[in-house]
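S.K.: Structure file work23.pdb (PDB, C-alpha atoms) is given on the next line.
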ATOM      1  CA  MET A   1      16.339  67.639 -72.256  1.00  0.00           C
ATOM      2  CA  SER A   2      18.713  65.440 -70.255  1.00  0.00           C
ATOM      3  CA  LYS A   3      17.053  66.363 -66.978  1.00  0.00           C
ATOM      4  CA  ILE A   4      13.589  65.472 -68.283  1.00  0.00           C
ATOM      5  CA  VAL A   5      14.772  62.195 -69.757  1.00  0.00           C
ATOM      6  CA  LYS A   6      16.518  61.208 -66.538  1.00  0.00           C
ATOM      7  CA  HIS A   7      13.263  61.770 -64.651  1.00  0.00           C
ATOM      8  CA  LYS A   8      11.390  59.574 -67.098  1.00  0.00           C
ATOM      9  CA  THR A   9      13.786  56.663 -66.820  1.00  0.00           C
ATOM     10  CA  ALA A  10      13.846  56.711 -63.052  1.00  0.00           C
ATOM     11  CA  ASN A  11      10.067  56.300 -62.997  1.00  0.00           C
ATOM     12  CA  THR A  12       9.385  54.373 -66.188  1.00  0.00           C
ATOM     13  CA  PRO A  13       6.307  52.126 -65.901  1.00  0.00           C
ATOM     14  CA  PRO A  14       6.262  48.817 -67.764  1.00  0.00           C
ATOM     15  CA  SER A  15       5.967  49.261 -71.519  1.00  0.00           C
ATOM     16  CA  ARG A  16       3.141  47.635 -73.439  1.00  0.00           C
ATOM     17  CA  LEU A  17       3.815  44.030 -74.281  1.00  0.00           C
ATOM     18  CA  MET A  18       6.162  43.413 -77.190  1.00  0.00           C
ATOM     19  CA  PRO A  19       4.274  41.756 -80.069  1.00  0.00           C
ATOM     20  CA  LYS A  20       5.067  38.071 -80.501  1.00  0.00           C
ATOM     21  CA  ARG A  21       6.357  38.757 -84.020  1.00  0.00           C
ATOM     22  CA  ASN A  22       9.123  40.927 -82.507  1.00  0.00           C
ATOM     23  CA  VAL A  23      10.469  38.379 -80.033  1.00  0.00           C
ATOM     24  CA  ARG A  24      12.507  36.163 -82.361  1.00  0.00           C
ATOM     25  CA  PRO A  25      14.078  39.111 -84.243  1.00  0.00           C
ATOM     26  CA  PHE A  26      14.859  40.651 -80.836  1.00  0.00           C
ATOM     27  CA  PHE A  27      17.002  37.652 -79.855  1.00  0.00           C
ATOM     28  CA  GLU A  28      18.435  37.140 -83.320  1.00  0.00           C
ATOM     29  CA  LYS A  29      19.787  40.688 -83.235  1.00  0.00           C
ATOM     30  CA  LEU A  30      21.147  40.320 -79.705  1.00  0.00           C
ATOM     31  CA  ALA A  31      22.887  37.112 -80.806  1.00  0.00           C
ATOM     32  CA  GLU A  32      24.470  38.937 -83.752  1.00  0.00           C
ATOM     33  CA  THR A  33      25.745  41.674 -81.429  1.00  0.00           C
ATOM     34  CA  ILE A  34      26.760  39.672 -78.351  1.00  0.00           C
ATOM     35  CA  LYS A  35      29.183  37.079 -79.669  1.00  0.00           C
ATOM     36  CA  GLU A  36      30.018  35.537 -76.287  1.00  0.00           C
ATOM     37  CA  PRO A  37      26.888  35.259 -74.110  1.00  0.00           C
ATOM     38  CA  VAL A  38      28.700  34.193 -70.952  1.00  0.00           C
ATOM     39  CA  THR A  39      28.943  35.372 -67.364  1.00  0.00           C
ATOM     40  CA  GLU A  40      31.544  38.002 -66.536  1.00  0.00           C
ATOM     41  CA  LEU A  41      32.287  36.294 -63.232  1.00  0.00           C
ATOM     42  CA  HIS A  42      35.638  34.494 -63.219  1.00  0.00           C
ATOM     43  CA  TYR A  43      35.561  30.807 -62.280  1.00  0.00           C
ATOM     44  CA  LYS A  44      37.177  27.486 -63.170  1.00  0.00           C
ATOM     45  CA  SER A  45      34.821  25.014 -61.515  1.00  0.00           C
ATOM     46  CA  ASN A  46      31.173  24.679 -60.573  1.00  0.00           C
ATOM     47  CA  PHE A  47      32.098  25.346 -56.961  1.00  0.00           C
ATOM     48  CA  GLU A  48      33.992  28.539 -57.826  1.00  0.00           C
ATOM     49  CA  LEU A  49      30.968  29.676 -59.851  1.00  0.00           C
ATOM     50  CA  LEU A  50      28.581  28.968 -56.972  1.00  0.00           C
ATOM     51  CA  ILE A  51      30.645  30.975 -54.490  1.00  0.00           C
ATOM     52  CA  ALA A  52      31.097  33.842 -56.957  1.00  0.00           C
ATOM     53  CA  VAL A  53      27.349  34.035 -57.557  1.00  0.00           C
ATOM     54  CA  ILE A  54      26.613  34.007 -53.820  1.00  0.00           C
ATOM     55  CA  LEU A  55      29.092  36.864 -53.373  1.00  0.00           C
ATOM     56  CA  SER A  56      27.628  38.795 -56.302  1.00  0.00           C
ATOM     57  CA  ALA A  57      24.291  39.532 -54.619  1.00  0.00           C
ATOM     58  CA  GLN A  58      23.978  43.339 -54.453  1.00  0.00           C
ATOM     59  CA  ALA A  59      27.555  43.652 -55.683  1.00  0.00           C
ATOM     60  CA  THR A  60      29.249  44.133 -59.038  1.00  0.00           C
ATOM     61  CA  ASP A  61      30.932  41.336 -60.937  1.00  0.00           C
ATOM     62  CA  ILE A  62      34.089  43.458 -60.943  1.00  0.00           C
ATOM     63  CA  SER A  63      34.232  43.580 -57.136  1.00  0.00           C
ATOM     64  CA  VAL A  64      33.587  39.841 -56.902  1.00  0.00           C
ATOM     65  CA  ASN A  65      36.327  39.062 -59.411  1.00  0.00           C
ATOM     66  CA  ILE A  66      38.783  41.190 -57.431  1.00  0.00           C
ATOM     67  CA  ALA A  67      37.950  39.205 -54.302  1.00  0.00           C
ATOM     68  CA  THR A  68      38.006  35.744 -55.858  1.00  0.00           C
ATOM     69  CA  GLN A  69      41.271  36.519 -57.653  1.00  0.00           C
ATOM     70  CA  GLN A  70      42.819  36.644 -54.195  1.00  0.00           C
ATOM     71  CA  LEU A  71      40.733  33.916 -52.586  1.00  0.00           C
ATOM     72  CA  TYR A  72      40.747  31.070 -55.106  1.00  0.00           C
ATOM     73  CA  PRO A  73      44.527  30.593 -55.340  1.00  0.00           C
ATOM     74  CA  VAL A  74      44.442  30.033 -51.570  1.00  0.00           C
ATOM     75  CA  ALA A  75      41.145  28.165 -51.213  1.00  0.00           C
ATOM     76  CA  ASN A  76      38.846  27.011 -54.009  1.00  0.00           C
ATOM     77  CA  THR A  77      37.190  23.864 -52.625  1.00  0.00           C
ATOM     78  CA  PRO A  78      34.512  23.452 -49.952  1.00  0.00           C
ATOM     79  CA  ALA A  79      37.026  21.930 -47.544  1.00  0.00           C
ATOM     80  CA  ALA A  80      39.645  24.619 -48.097  1.00  0.00           C
ATOM     81  CA  ILE A  81      37.242  27.534 -47.631  1.00  0.00           C
ATOM     82  CA  TRP A  82      35.627  25.798 -44.643  1.00  0.00           C
ATOM     83  CA  ALA A  83      39.080  25.549 -43.098  1.00  0.00           C
ATOM     84  CA  LEU A  84      39.481  29.331 -43.374  1.00  0.00           C
ATOM     85  CA  GLY A  85      36.449  29.896 -41.206  1.00  0.00           C
ATOM     86  CA  VAL A  86      34.362  33.066 -41.182  1.00  0.00           C
ATOM     87  CA  ASP A  87      37.137  35.251 -39.772  1.00  0.00           C
ATOM     88  CA  GLY A  88      39.691  33.824 -42.172  1.00  0.00           C
ATOM     89  CA  LEU A  89      37.421  34.363 -45.189  1.00  0.00           C
ATOM     90  CA  LYS A  90      36.441  37.964 -44.445  1.00  0.00           C
ATOM     91  CA  PRO A  91      39.758  39.617 -45.401  1.00  0.00           C
ATOM     92  CA  TYR A  92      39.457  38.172 -48.914  1.00  0.00           C
ATOM     93  CA  ILE A  93      35.928  39.476 -49.523  1.00  0.00           C
ATOM     94  CA  LYS A  94      35.873  42.711 -47.508  1.00  0.00           C
ATOM     95  CA  ASN A  95      35.659  44.811 -50.698  1.00  0.00           C
ATOM     96  CA  ILE A  96      32.226  43.292 -51.418  1.00  0.00           C
ATOM     97  CA  GLY A  97      28.997  44.683 -50.018  1.00  0.00           C
ATOM     98  CA  LEU A  98      27.421  42.756 -47.122  1.00  0.00           C
ATOM     99  CA  TYR A  99      30.622  40.754 -46.735  1.00  0.00           C
ATOM    100  CA  ASN A 100      29.967  39.867 -43.091  1.00  0.00           C
ATOM    101  CA  ALA A 101      26.721  38.071 -43.876  1.00  0.00           C
ATOM    102  CA  LYS A 102      28.147  36.583 -47.058  1.00  0.00           C
ATOM    103  CA  ALA A 103      31.136  35.151 -45.204  1.00  0.00           C
ATOM    104  CA  LYS A 104      28.783  33.316 -42.839  1.00  0.00           C
ATOM    105  CA  ASN A 105      26.684  32.007 -45.735  1.00  0.00           C
ATOM    106  CA  VAL A 106      29.701  30.829 -47.725  1.00  0.00           C
ATOM    107  CA  ILE A 107      31.152  28.942 -44.758  1.00  0.00           C
ATOM    108  CA  LYS A 108      27.798  27.316 -44.005  1.00  0.00           C
ATOM    109  CA  THR A 109      27.373  26.399 -47.665  1.00  0.00           C
ATOM    110  CA  CYS A 110      30.810  24.767 -47.699  1.00  0.00           C
ATOM    111  CA  ARG A 111      29.915  22.730 -44.624  1.00  0.00           C
ATOM    112  CA  ASP A 112      26.616  21.641 -46.198  1.00  0.00           C
ATOM    113  CA  LEU A 113      28.339  20.656 -49.441  1.00  0.00           C
ATOM    114  CA  ILE A 114      30.811  18.527 -47.501  1.00  0.00           C
ATOM    115  CA  ASP A 115      28.206  16.925 -45.245  1.00  0.00           C
ATOM    116  CA  ASN A 116      25.336  16.456 -47.682  1.00  0.00           C
ATOM    117  CA  PHE A 117      26.676  16.453 -51.232  1.00  0.00           C
ATOM    118  CA  ASP A 118      30.128  14.865 -51.065  1.00  0.00           C
ATOM    119  CA  GLY A 119      31.688  18.246 -51.752  1.00  0.00           C
ATOM    120  CA  GLN A 120      29.930  18.576 -55.130  1.00  0.00           C
ATOM    121  CA  VAL A 121      27.620  21.358 -56.306  1.00  0.00           C
ATOM    122  CA  PRO A 122      24.143  19.836 -56.779  1.00  0.00           C
ATOM    123  CA  ASP A 123      22.534  20.060 -60.197  1.00  0.00           C
ATOM    124  CA  ASN A 124      18.926  20.576 -59.114  1.00  0.00           C
ATOM    125  CA  ARG A 125      16.976  23.502 -57.719  1.00  0.00           C
ATOM    126  CA  LYS A 126      15.773  21.878 -54.500  1.00  0.00           C
ATOM    127  CA  ASP A 127      19.249  20.992 -53.295  1.00  0.00           C
ATOM    128  CA  LEU A 128      20.821  24.240 -54.453  1.00  0.00           C
ATOM    129  CA  GLU A 129      18.208  26.319 -52.645  1.00  0.00           C
ATOM    130  CA  SER A 130      18.877  24.331 -49.463  1.00  0.00           C
ATOM    131  CA  LEU A 131      22.310  25.985 -49.313  1.00  0.00           C
ATOM    132  CA  ALA A 132      22.896  29.160 -47.297  1.00  0.00           C
ATOM    133  CA  GLY A 133      22.766  32.303 -49.401  1.00  0.00           C
ATOM    134  CA  VAL A 134      21.264  30.516 -52.385  1.00  0.00           C
ATOM    135  CA  GLY A 135      17.852  31.757 -53.477  1.00  0.00           C
ATOM    136  CA  ARG A 136      15.952  31.237 -56.700  1.00  0.00           C
ATOM    137  CA  LYS A 137      18.054  33.688 -58.722  1.00  0.00           C
ATOM    138  CA  THR A 138      21.385  32.201 -57.630  1.00  0.00           C
ATOM    139  CA  ALA A 139      20.097  28.677 -58.268  1.00  0.00           C
ATOM    140  CA  ASN A 140      18.963  29.681 -61.753  1.00  0.00           C
ATOM    141  CA  VAL A 141      22.377  31.139 -62.576  1.00  0.00           C
ATOM    142  CA  VAL A 142      24.188  27.985 -61.451  1.00  0.00           C
ATOM    143  CA  LEU A 143      21.748  25.648 -63.199  1.00  0.00           C
ATOM    144  CA  ASN A 144      22.063  27.613 -66.426  1.00  0.00           C
ATOM    145  CA  THR A 145      25.781  28.411 -66.443  1.00  0.00           C
ATOM    146  CA  ALA A 146      27.230  25.309 -64.801  1.00  0.00           C
ATOM    147  CA  PHE A 147      24.772  22.639 -65.929  1.00  0.00           C
ATOM    148  CA  GLY A 148      23.381  24.026 -69.183  1.00  0.00           C
ATOM    149  CA  GLN A 149      19.778  24.040 -68.039  1.00  0.00           C
ATOM    150  CA  PRO A 150      17.369  26.502 -69.735  1.00  0.00           C
ATOM    151  CA  THR A 151      16.620  28.597 -66.655  1.00  0.00           C
ATOM    152  CA  MET A 152      16.130  32.349 -66.406  1.00  0.00           C
ATOM    153  CA  ALA A 153      17.718  34.242 -63.518  1.00  0.00           C
ATOM    154  CA  VAL A 154      16.135  37.683 -63.258  1.00  0.00           C
ATOM    155  CA  ASP A 155      18.409  40.308 -61.747  1.00  0.00           C
ATOM    156  CA  THR A 156      17.933  44.094 -61.779  1.00  0.00           C
ATOM    157  CA  HIS A 157      19.244  44.364 -65.357  1.00  0.00           C
ATOM    158  CA  ILE A 158      16.930  41.701 -66.748  1.00  0.00           C
ATOM    159  CA  PHE A 159      13.956  42.990 -64.762  1.00  0.00           C
ATOM    160  CA  ARG A 160      14.543  46.432 -66.283  1.00  0.00           C
ATOM    161  CA  VAL A 161      15.060  45.145 -69.830  1.00  0.00           C
ATOM    162  CA  GLY A 162      11.986  42.929 -69.653  1.00  0.00           C
ATOM    163  CA  ASN A 163       9.747  45.754 -68.499  1.00  0.00           C
ATOM    164  CA  ARG A 164      11.249  48.566 -70.560  1.00  0.00           C
ATOM    165  CA  THR A 165      11.314  46.724 -73.875  1.00  0.00           C
ATOM    166  CA  GLY A 166       7.957  45.057 -73.279  1.00  0.00           C
ATOM    167  CA  LEU A 167       9.521  41.622 -73.724  1.00  0.00           C
ATOM    168  CA  ALA A 168       8.166  40.511 -70.344  1.00  0.00           C
ATOM    169  CA  THR A 169       6.351  42.963 -68.086  1.00  0.00           C
ATOM    170  CA  GLY A 170       5.602  42.443 -64.424  1.00  0.00           C
ATOM    171  CA  LYS A 171       5.713  43.992 -60.962  1.00  0.00           C
ATOM    172  CA  ASN A 172       8.104  41.429 -59.478  1.00  0.00           C
ATOM    173  CA  VAL A 173      10.979  39.237 -60.622  1.00  0.00           C
ATOM    174  CA  LEU A 174       9.019  35.970 -60.481  1.00  0.00           C
ATOM    175  CA  ILE A 175       6.346  37.266 -62.845  1.00  0.00           C
ATOM    176  CA  VAL A 176       8.996  38.557 -65.242  1.00  0.00           C
ATOM    177  CA  GLU A 177      10.877  35.248 -65.034  1.00  0.00           C
ATOM    178  CA  GLN A 178       7.753  33.242 -65.819  1.00  0.00           C
ATOM    179  CA  LYS A 179       6.838  35.463 -68.759  1.00  0.00           C
ATOM    180  CA  LEU A 180      10.368  35.331 -70.170  1.00  0.00           C
ATOM    181  CA  VAL A 181      10.443  31.531 -69.995  1.00  0.00           C
ATOM    182  CA  ALA A 182       7.077  31.418 -71.769  1.00  0.00           C
ATOM    183  CA  ARG A 183       8.034  33.870 -74.529  1.00  0.00           C
ATOM    184  CA  ILE A 184      11.676  33.182 -75.377  1.00  0.00           C
ATOM    185  CA  PRO A 185      12.133  30.812 -78.340  1.00  0.00           C
ATOM    186  CA  ASP A 186      13.505  27.426 -77.284  1.00  0.00           C
ATOM    187  CA  ASP A 187      16.648  27.767 -79.395  1.00  0.00           C
ATOM    188  CA  PHE A 188      17.605  30.986 -77.578  1.00  0.00           C
ATOM    189  CA  MET A 189      16.605  29.934 -74.081  1.00  0.00           C
ATOM    190  CA  LEU A 190      19.984  28.574 -72.976  1.00  0.00           C
ATOM    191  CA  ASP A 191      21.814  31.858 -73.679  1.00  0.00           C
ATOM    192  CA  ALA A 192      18.905  34.254 -73.087  1.00  0.00           C
ATOM    193  CA  HIS A 193      19.951  35.107 -69.538  1.00  0.00           C
ATOM    194  CA  HIS A 194      23.345  36.319 -70.680  1.00  0.00           C
ATOM    195  CA  TYR A 195      22.010  38.121 -73.747  1.00  0.00           C
ATOM    196  CA  LEU A 196      19.612  40.104 -71.568  1.00  0.00           C
ATOM    197  CA  ILE A 197      21.971  40.840 -68.690  1.00  0.00           C
ATOM    198  CA  LEU A 198      24.761  42.038 -70.995  1.00  0.00           C
ATOM    199  CA  HIS A 199      22.322  44.120 -73.021  1.00  0.00           C
ATOM    200  CA  GLY A 200      21.028  45.687 -69.811  1.00  0.00           C
ATOM    201  CA  ARG A 201      24.509  46.271 -68.420  1.00  0.00           C
ATOM    202  CA  TYR A 202      25.986  47.987 -71.472  1.00  0.00           C
ATOM    203  CA  ILE A 203      23.145  49.313 -73.664  1.00  0.00           C
ATOM    204  CA  CYS A 204      19.761  49.358 -71.917  1.00  0.00           C
ATOM    205  CA  GLN A 205      21.177  51.050 -68.833  1.00  0.00           C
ATOM    206  CA  ALA A 206      19.063  52.301 -65.953  1.00  0.00           C
ATOM    207  CA  ARG A 207      19.383  56.075 -66.055  1.00  0.00           C
ATOM    208  CA  THR A 208      20.403  56.755 -69.629  1.00  0.00           C
ATOM    209  CA  PRO A 209      19.771  53.872 -72.021  1.00  0.00           C
ATOM    210  CA  LYS A 210      21.856  54.030 -75.189  1.00  0.00           C
ATOM    211  CA  CYS A 211      18.899  53.798 -77.549  1.00  0.00           C
ATOM    212  CA  GLY A 212      20.914  55.326 -80.374  1.00  0.00           C
ATOM    213  CA  GLU A 213      23.255  52.324 -80.248  1.00  0.00           C
ATOM    214  CA  CYS A 214      20.614  49.681 -79.555  1.00  0.00           C
ATOM    215  CA  PRO A 215      20.556  46.682 -81.913  1.00  0.00           C
ATOM    216  CA  VAL A 216      16.932  45.923 -80.998  1.00  0.00           C
ATOM    217  CA  TYR A 217      15.614  49.474 -81.306  1.00  0.00           C
ATOM    218  CA  ALA A 218      13.013  48.459 -83.897  1.00  0.00           C
ATOM    219  CA  GLU A 219      11.605  45.641 -81.756  1.00  0.00           C
ATOM    220  CA  CYS A 220      11.637  47.548 -78.436  1.00  0.00           C
ATOM    221  CA  MET A 221       8.386  49.026 -77.099  1.00  0.00           C
ATOM    222  CA  PHE A 222       9.999  51.665 -74.827  1.00  0.00           C
ATOM    223  CA  LYS A 223       7.925  54.783 -75.404  1.00  0.00           C
ATOM    224  CA  ASP A 224      10.809  57.209 -74.823  1.00  0.00           C
ATOM    225  CA  LYS A 225      13.340  55.463 -77.057  1.00  0.00           C
ATOM    226  CA  ALA A 226      13.276  58.182 -79.728  1.00  0.00           C
ATOM    227  CA  ALA A 227      14.226  60.847 -77.170  1.00  0.00           C
ATOM    228  CA  PHE A 228      17.119  58.777 -75.852  1.00  0.00           C
ATOM    229  CA  ALA A 229      18.304  57.989 -79.368  1.00  0.00           C
ATOM    230  CA  GLU A 230      18.993  61.701 -79.827  1.00  0.00           C
ATOM    231  CA  ILE A 231      21.260  62.017 -76.798  1.00  0.00           C
TER     232      ILE A 231
END
Can you present the structure in this file as structure tokens?

M.R.:
Amino acid sequence: MSKIVKHKTANTPPSRLMPKRNVRPFFEKLAETIKEPVTELHYKSNFELLIAVILSAQATDISVNIATQQLYPVANTPAAIWALGVDGLKPYIKNIGLYNAKAKNVIKTCRDLIDNFDGQVPDNRKDLESLAGVGRKTANVVLNTAFGQPTMAVDTHIFRVGNRTGLATGKNVLIVEQKLVARIPDDFMLDAHHYLILHGRYICQARTPKCGECPVYAECMFKDKAAFAEI
């Protein structure tokens, strides 16, 4: 059974759309289960958050936290990291995937923050996306987590959860993002990103979702959920 189930998850097409009547209970149950809907990245300022999110692309939060635990006590401002330079920054982040490219982006971002934004992290999408290494997803994370804006950053976990549960189905992250923003109740929108990413990270996992432990089993439209609930 496990082999068959694994094959199904690896190639699962989008589920049928979750009925509107299921959406609010879906988030109410996630809110009851996930008491602290916050990022697992470690940071103490908007700038530290921005750098951590840039570093987290195609990397785990754990690996980023290991790196920043060493970096931030030494340099945690645009000027201080800029002073390290690319070669000085690399030893701190070498445990993270794509660290060579990320080091260049971080240094360029620090320079841009100093030159164009008085060393402060901007609070709008246009300016954030002007920074090196900052795309739509990273901007959404910073806008949501640092500035409390109701944005939806769709990573691999949220893309999977949206499609598998039927909450928001789509072939690319932008479509899923747009559908999530349209469907999520306003009073859950601020924390929705973290509810979904944590649910995807720990319950609705890629290869073997823990359907037997899922708090939103009743609302989910995943056609193979009964089989996974028996594992």

S.K.: Which of these, A:Ser63, A:Thr208, A:Gln149, A:Ser130, has the shortest distance to Asn105 in chain A once you count only C-alpha atoms?

M.R.: A:Ser130

S.K.: Which of these, A:Gly97, A:Thr165, A:Leu50, A:Gln70, has the shortest distance to Lys137 in chain A once you count all atoms listed in the file?

M.R.: A:Leu50

S.K.: Expand the PyMOL selection byres ((chain A and resi 221) around 7) into the individual residues it matches in the shown file, reporting them as a list of chain:residue names.

M.R.: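 Expected selection for the PyMOL selection byres ((chain A and resi 221) around 7) here is A:Ser15, A:Arg16, A:Met18, A:Thr165, A:Gly166, A:Glu219, A:Cys220, A:Phe222, A:Lys223.
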
S.K.: Include C-alpha atoms and write out the residues we just selected as a tab-separated table (two decimals), keeping the file's coordinate frame.

M.R.:
chain	number	residue	atom	x	y	z
A	15	SER	CA	5.97	49.26	-71.52
A	16	ARG	CA	3.14	47.64	-73.44
A	18	MET	CA	6.16	43.41	-77.19
A	165	THR	CA	11.31	46.72	-73.88
A	166	GLY	CA	7.96	45.06	-73.28
A	219	GLU	CA	11.60	45.64	-81.76
A	220	CYS	CA	11.64	47.55	-78.44
A	222	PHE	CA	10.00	51.66	-74.83
A	223	LYS	CA	7.92	54.78	-75.40

S.K.: Give as a list in words the residues that the PyMOL selection byres ((chain A and resi 205) around 12) matches when applied to the coordinates above.

M.R.: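 Output from the PyMOL selection byres ((chain A and resi 205) around 12), applied to this file: Lys6, Thr9, Ala10, Thr156, His157, Ile158, Phe159, Arg160, Val161, Arg164, Thr165, Leu196, Ile197, Leu198, His199, Gly200, Arg201, Tyr202, Ile203, Cys204, Ala206, Arg207, Thr208, Pro209, Lys210, Cys211, Glu213, Cys214 and Phe228 of chain A.
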
S.K.: Enumerate, as a CSV table (one decimal) with C-alpha atoms, keeping the file's coordinate frame, the residues matched when the PyMOL selection byres ((chain A and resi 122) around 10) is run on the file above.

M.R.:
chain,number,residue,atom,x,y,z
A,46,ASN,CA,31.2,24.7,-60.6
A,47,PHE,CA,32.1,25.3,-57.0
A,113,LEU,CA,28.3,20.7,-49.4
A,116,ASN,CA,25.3,16.5,-47.7
A,117,PHE,CA,26.7,16.5,-51.2
A,118,ASP,CA,30.1,14.9,-51.1
A,119,GLY,CA,31.7,18.2,-51.8
A,120,GLN,CA,29.9,18.6,-55.1
A,121,VAL,CA,27.6,21.4,-56.3
A,123,ASP,CA,22.5,20.1,-60.2
A,124,ASN,CA,18.9,20.6,-59.1
A,125,ARG,CA,17.0,23.5,-57.7
A,126,LYS,CA,15.8,21.9,-54.5
A,127,ASP,CA,19.2,21.0,-53.3
A,128,LEU,CA,20.8,24.2,-54.5
A,129,GLU,CA,18.2,26.3,-52.6
A,131,LEU,CA,22.3,26.0,-49.3
A,139,ALA,CA,20.1,28.7,-58.3
A,142,VAL,CA,24.2,28.0,-61.5
A,143,LEU,CA,21.7,25.6,-63.2
A,147,PHE,CA,24.8,22.6,-65.9

S.K.: Might I get the box with edges along x, y and z of the file that holds all atoms of range 44-52 of chain A listed there, padded by 4 Å on every side, given as centre and edge lengths in Å to one decimal, as lines of an AutoDock Vina configuration file?

M.R.:
center_x = 32.9
center_y = 29.3
center_z = -58.8
size_x = 16.6
size_y = 17.2
size_z = 16.7

S.K.: With all atoms listed in the file as the basis for distance, which of A:Asn144, A:His42, A:Gln178, A:Leu98 is at the shortest distance from Leu190 in chain A?

M.R.: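 Of A:Asn144, A:His42, A:Gln178, A:Leu98, the one nearest Leu190 in chain A is A:Asn144, counting all atoms listed in the file.
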